[in-house]
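Listing of upload.csv, CSV, C-alpha atoms
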chain,number,residue,atom,x,y,z
A,873,ALA,CA,98.3,126.9,68.2
A,874,ARG,CA,95.0,125.5,66.9
A,875,VAL,CA,92.1,127.5,68.0
A,876,ARG,CA,88.7,125.8,67.6
A,877,VAL,CA,85.7,128.0,67.3
A,878,SER,CA,82.0,127.3,67.1
A,879,VAL,CA,80.0,129.4,64.7
A,880,MET,CA,76.2,129.4,64.5
A,881,GLY,CA,74.8,129.9,61.0
A,882,SER,CA,75.1,128.7,57.5
A,883,GLU,CA,78.2,127.2,55.9
A,884,GLU,CA,78.8,130.5,54.3
A,885,ASP,CA,78.7,132.3,57.7
A,886,LYS,CA,81.1,129.8,59.0
A,887,ALA,CA,83.5,130.3,56.1
A,888,LYS,CA,83.3,134.0,56.4
A,889,SER,CA,84.0,133.8,60.2
A,890,LEU,CA,87.1,131.7,59.6
A,891,GLU,CA,88.3,134.1,56.9
A,892,GLY,CA,87.9,137.0,59.3
A,893,LEU,CA,89.7,135.2,62.1
A,894,ALA,CA,92.5,134.2,59.8
A,895,SER,CA,92.9,137.8,58.6
A,896,ALA,CA,93.1,139.0,62.2
A,897,ALA,CA,95.4,136.2,63.4
A,898,ARG,CA,98.6,138.4,63.4
A,899,PHE,CA,96.8,141.1,65.5
A,900,LEU,CA,95.3,138.5,67.8
A,901,ARG,CA,98.8,136.9,68.2
A,902,ALA,CA,100.2,140.3,69.2
A,903,GLN,CA,97.5,140.7,71.8
A,904,VAL,CA,98.2,137.3,73.2
A,905,ALA,CA,101.9,138.2,73.4
A,906,LYS,CA,101.1,141.3,75.4
A,907,GLU,CA,98.9,139.4,77.9
A,908,LEU,CA,100.9,136.1,78.4
A,909,PRO,CA,104.4,135.8,79.6
A,910,LEU,CA,105.6,133.3,76.9
A,911,ARG,CA,109.0,133.0,75.5
A,912,THR,CA,107.5,132.8,72.0
A,913,THR,CA,103.9,133.3,71.1
A,914,PRO,CA,102.5,130.6,68.9
A,915,GLU,CA,100.9,131.3,65.5
A,916,LEU,CA,97.2,131.0,65.7
A,917,HIS,CA,95.4,128.7,63.3
A,918,PHE,CA,91.6,128.8,63.4
A,919,GLU,CA,89.3,125.8,62.7
A,920,LEU,CA,85.7,125.0,63.1
A,921,ASP,CA,84.6,123.0,66.2
A,922,ARG,CA,81.6,121.1,65.1
A,923,GLY,CA,81.0,119.5,68.6
A,924,LEU,CA,78.0,121.7,69.2
A,925,GLU,CA,76.4,120.7,65.9
A,926,HIS,CA,76.9,117.1,66.7
A,927,ALA,CA,75.4,117.5,70.1
A,928,GLN,CA,72.4,119.2,68.7
A,929,ARG,CA,72.0,116.4,66.1
A,930,ILE,CA,72.2,113.7,68.8
A,931,ASP,CA,69.6,115.7,70.9
A,932,GLN,CA,67.3,115.9,67.9
A,933,VAL,CA,67.6,112.1,67.2
A,934,LEU,CA,66.9,111.3,70.9
A,935,ARG,CA,63.9,113.6,70.9
A,936,ASN,CA,62.5,111.9,67.8
A,937,LEU,CA,63.0,108.5,69.3
A,938,LYS,CA,61.2,109.6,72.5
A,939,GLU,CA,58.3,111.0,70.5
A,940,GLY,CA,58.1,107.8,68.4
A,941,ALA,CA,58.1,105.6,71.6
A,942,GLY,CA,55.5,107.8,73.3
So, in terms of structure tokens, how does the structure I just supplied come out?
Amino acid sequence: ARVRVSVMGSEEDKAKSLEGLASAARFLRAQVAKELPLRTTPELHFELDRGLEHAQRIDQVLRNLKEGAG
């Protein structure tokens, strides 16, 4: 299963967070297996969700446009 995560911070922080999640994936998978009644528990693959970054960038552009028009 793909697990998308948002991480605030530098690119280095994001990379370290993904590394940490990847190293804990087996443990997290075991925890999911304990909690959910699934026949097989999927492997967990973590990736960055940059949606929040994009939303913040759009918000900044709109603010700049509003300030320029005012």
Excluding segment 920-936 of chain A and any residue of its chain fewer than 2 positions from it, enumerate the residues within 8 Å of it, using all atoms listed in the file, and give them as a tab-separated table (two decimals) with C-alpha atoms, in the frame of the given file.
chain	number	residue	atom	x	y	z
A	876	ARG	CA	88.70	125.80	67.60
A	877	VAL	CA	85.70	128.00	67.30
A	878	SER	CA	82.00	127.30	67.10
A	879	VAL	CA	80.00	129.40	64.70
A	886	LYS	CA	81.10	129.80	59.00
A	890	LEU	CA	87.10	131.70	59.60
A	918	PHE	CA	91.60	128.80	63.40
A	938	LYS	CA	61.20	109.60	72.50
A	939	GLU	CA	58.30	111.00	70.50
A	940	GLY	CA	58.10	107.80	68.40
Answer as a PDB file with C-alpha atoms, in the coordinates of the input, residues within 12 Å of (93.8, 134.8, 60.9) using all atoms listed in the file:
ATOM      1  CA  ALA A 873      98.300 126.900  68.200  1.00  0.00           C
ATOM      2  CA  ARG A 874      95.000 125.500  66.900  1.00  0.00           C
ATOM      3  CA  VAL A 875      92.100 127.500  68.000  1.00  0.00           C
ATOM      4  CA  LYS A 888      83.300 134.000  56.400  1.00  0.00           C
ATOM      5  CA  SER A 889      84.000 133.800  60.200  1.00  0.00           C
ATOM      6  CA  LEU A 890      87.100 131.700  59.600  1.00  0.00           C
ATOM      7  CA  GLU A 891      88.300 134.100  56.900  1.00  0.00           C
ATOM      8  CA  GLY A 892      87.900 137.000  59.300  1.00  0.00           C
ATOM      9  CA  LEU A 893      89.700 135.200  62.100  1.00  0.00           C
ATOM     10  CA  ALA A 894      92.500 134.200  59.800  1.00  0.00           C
ATOM     11  CA  SER A 895      92.900 137.800  58.600  1.00  0.00           C
ATOM     12  CA  ALA A 896      93.100 139.000  62.200  1.00  0.00           C
ATOM     13  CA  ALA A 897      95.400 136.200  63.400  1.00  0.00           C
ATOM     14  CA  ARG A 898      98.600 138.400  63.400  1.00  0.00           C
ATOM     15  CA  PHE A 899      96.800 141.100  65.500  1.00  0.00           C
ATOM     16  CA  LEU A 900      95.300 138.500  67.800  1.00  0.00           C
ATOM     17  CA  ARG A 901      98.800 136.900  68.200  1.00  0.00           C
ATOM     18  CA  ALA A 902     100.200 140.300  69.200  1.00  0.00           C
ATOM     19  CA  GLU A 915     100.900 131.300  65.500  1.00  0.00           C
ATOM     20  CA  LEU A 916      97.200 131.000  65.700  1.00  0.00           C
ATOM     21  CA  HIS A 917      95.400 128.700  63.300  1.00  0.00           C
ATOM     22  CA  PHE A 918      91.600 128.800  63.400  1.00  0.00           C
ATOM     23  CA  GLU A 919      89.300 125.800  62.700  1.00  0.00           C
TER      24      GLU A 919
END
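Interatomic distance, atom CA of Glu884 of chain A against atom CA of Gln903 of chain A: 27.6 Å.
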Around all of segment 910-927 of chain A's listed atoms, make the axis-aligned box with 5 Å on each side and tell me centre and edge lengths in Å to one decimal, as AutoDock Vina command-line options.
--center_x 92.2 --center_y 125.2 --center_z 69.8 --size_x 43.6 --size_y 26.2 --size_z 24.2
Written coordinates, C-alpha atoms of segment 879-933 of chain A as a compact mmCIF listing (two decimals), in the first residue's frame:
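Okay, result-v8.txt is ready:
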# COMPACT_ATOMS: atom_id res chain seq x y z
CA VAL A 879 6.52 16.52 6.14
CA MET A 880 7.20 20.13 7.04
CA GLY A 881 10.82 21.19 6.87
CA SER A 882 13.79 21.12 4.55
CA GLU A 883 14.37 18.58 1.81
CA GLU A 884 16.87 16.91 4.14
CA ASP A 885 14.19 16.66 6.85
CA LYS A 886 11.81 15.10 4.35
CA ALA A 887 14.40 12.57 3.21
CA LYS A 888 15.23 11.62 6.80
CA SER A 889 11.55 11.22 7.63
CA LEU A 890 11.01 8.92 4.67
CA GLU A 891 14.09 6.90 5.64
CA GLY A 892 12.76 6.54 9.18
CA LEU A 893 9.35 5.43 7.98
CA ALA A 894 10.90 2.98 5.54
CA SER A 895 13.01 1.45 8.30
CA ALA A 896 9.92 1.11 10.52
CA ALA A 897 7.69 -0.28 7.74
CA ARG A 898 7.85 -3.91 8.92
CA PHE A 899 6.95 -2.91 12.47
CA LEU A 900 4.12 -0.67 11.26
CA ARG A 901 2.83 -3.44 9.00
CA ALA A 902 2.72 -5.79 11.98
CA GLN A 903 0.77 -3.18 13.97
CA VAL A 904 -1.71 -2.78 11.12
CA ALA A 905 -2.11 -6.57 10.98
CA LYS A 906 -2.99 -6.63 14.69
CA GLU A 907 -5.62 -3.92 14.30
CA LEU A 908 -7.31 -4.75 11.00
CA PRO A 909 -8.99 -8.04 10.12
CA LEU A 910 -7.36 -8.48 6.71
CA ARG A 911 -6.54 -11.77 5.03
CA THR A 912 -3.13 -10.39 4.11
CA THR A 913 -1.64 -7.15 5.29
CA PRO A 914 -0.14 -5.08 2.49
CA GLU A 915 3.47 -3.96 2.48
CA LEU A 916 3.75 -0.28 3.29
CA HIS A 917 5.58 2.04 0.91
CA PHE A 918 5.95 5.64 2.03
CA GLU A 919 6.11 8.63 -0.31
CA LEU A 920 5.91 12.37 0.07
CA ASP A 921 2.59 14.09 -0.45
CA ARG A 922 3.44 17.55 -1.74
CA GLY A 923 -0.19 18.70 -1.88
CA LEU A 924 0.22 20.95 1.15
CA GLU A 925 3.31 22.57 -0.38
CA HIS A 926 1.42 23.22 -3.61
CA ALA A 927 -1.54 24.68 -1.71
CA GLN A 928 0.76 27.01 0.22
CA ARG A 929 2.44 28.13 -3.00
CA ILE A 930 -0.93 28.87 -4.64
CA ASP A 931 -2.01 30.79 -1.55
CA GLN A 932 1.18 32.87 -1.69
CA VAL A 933 0.69 33.64 -5.39
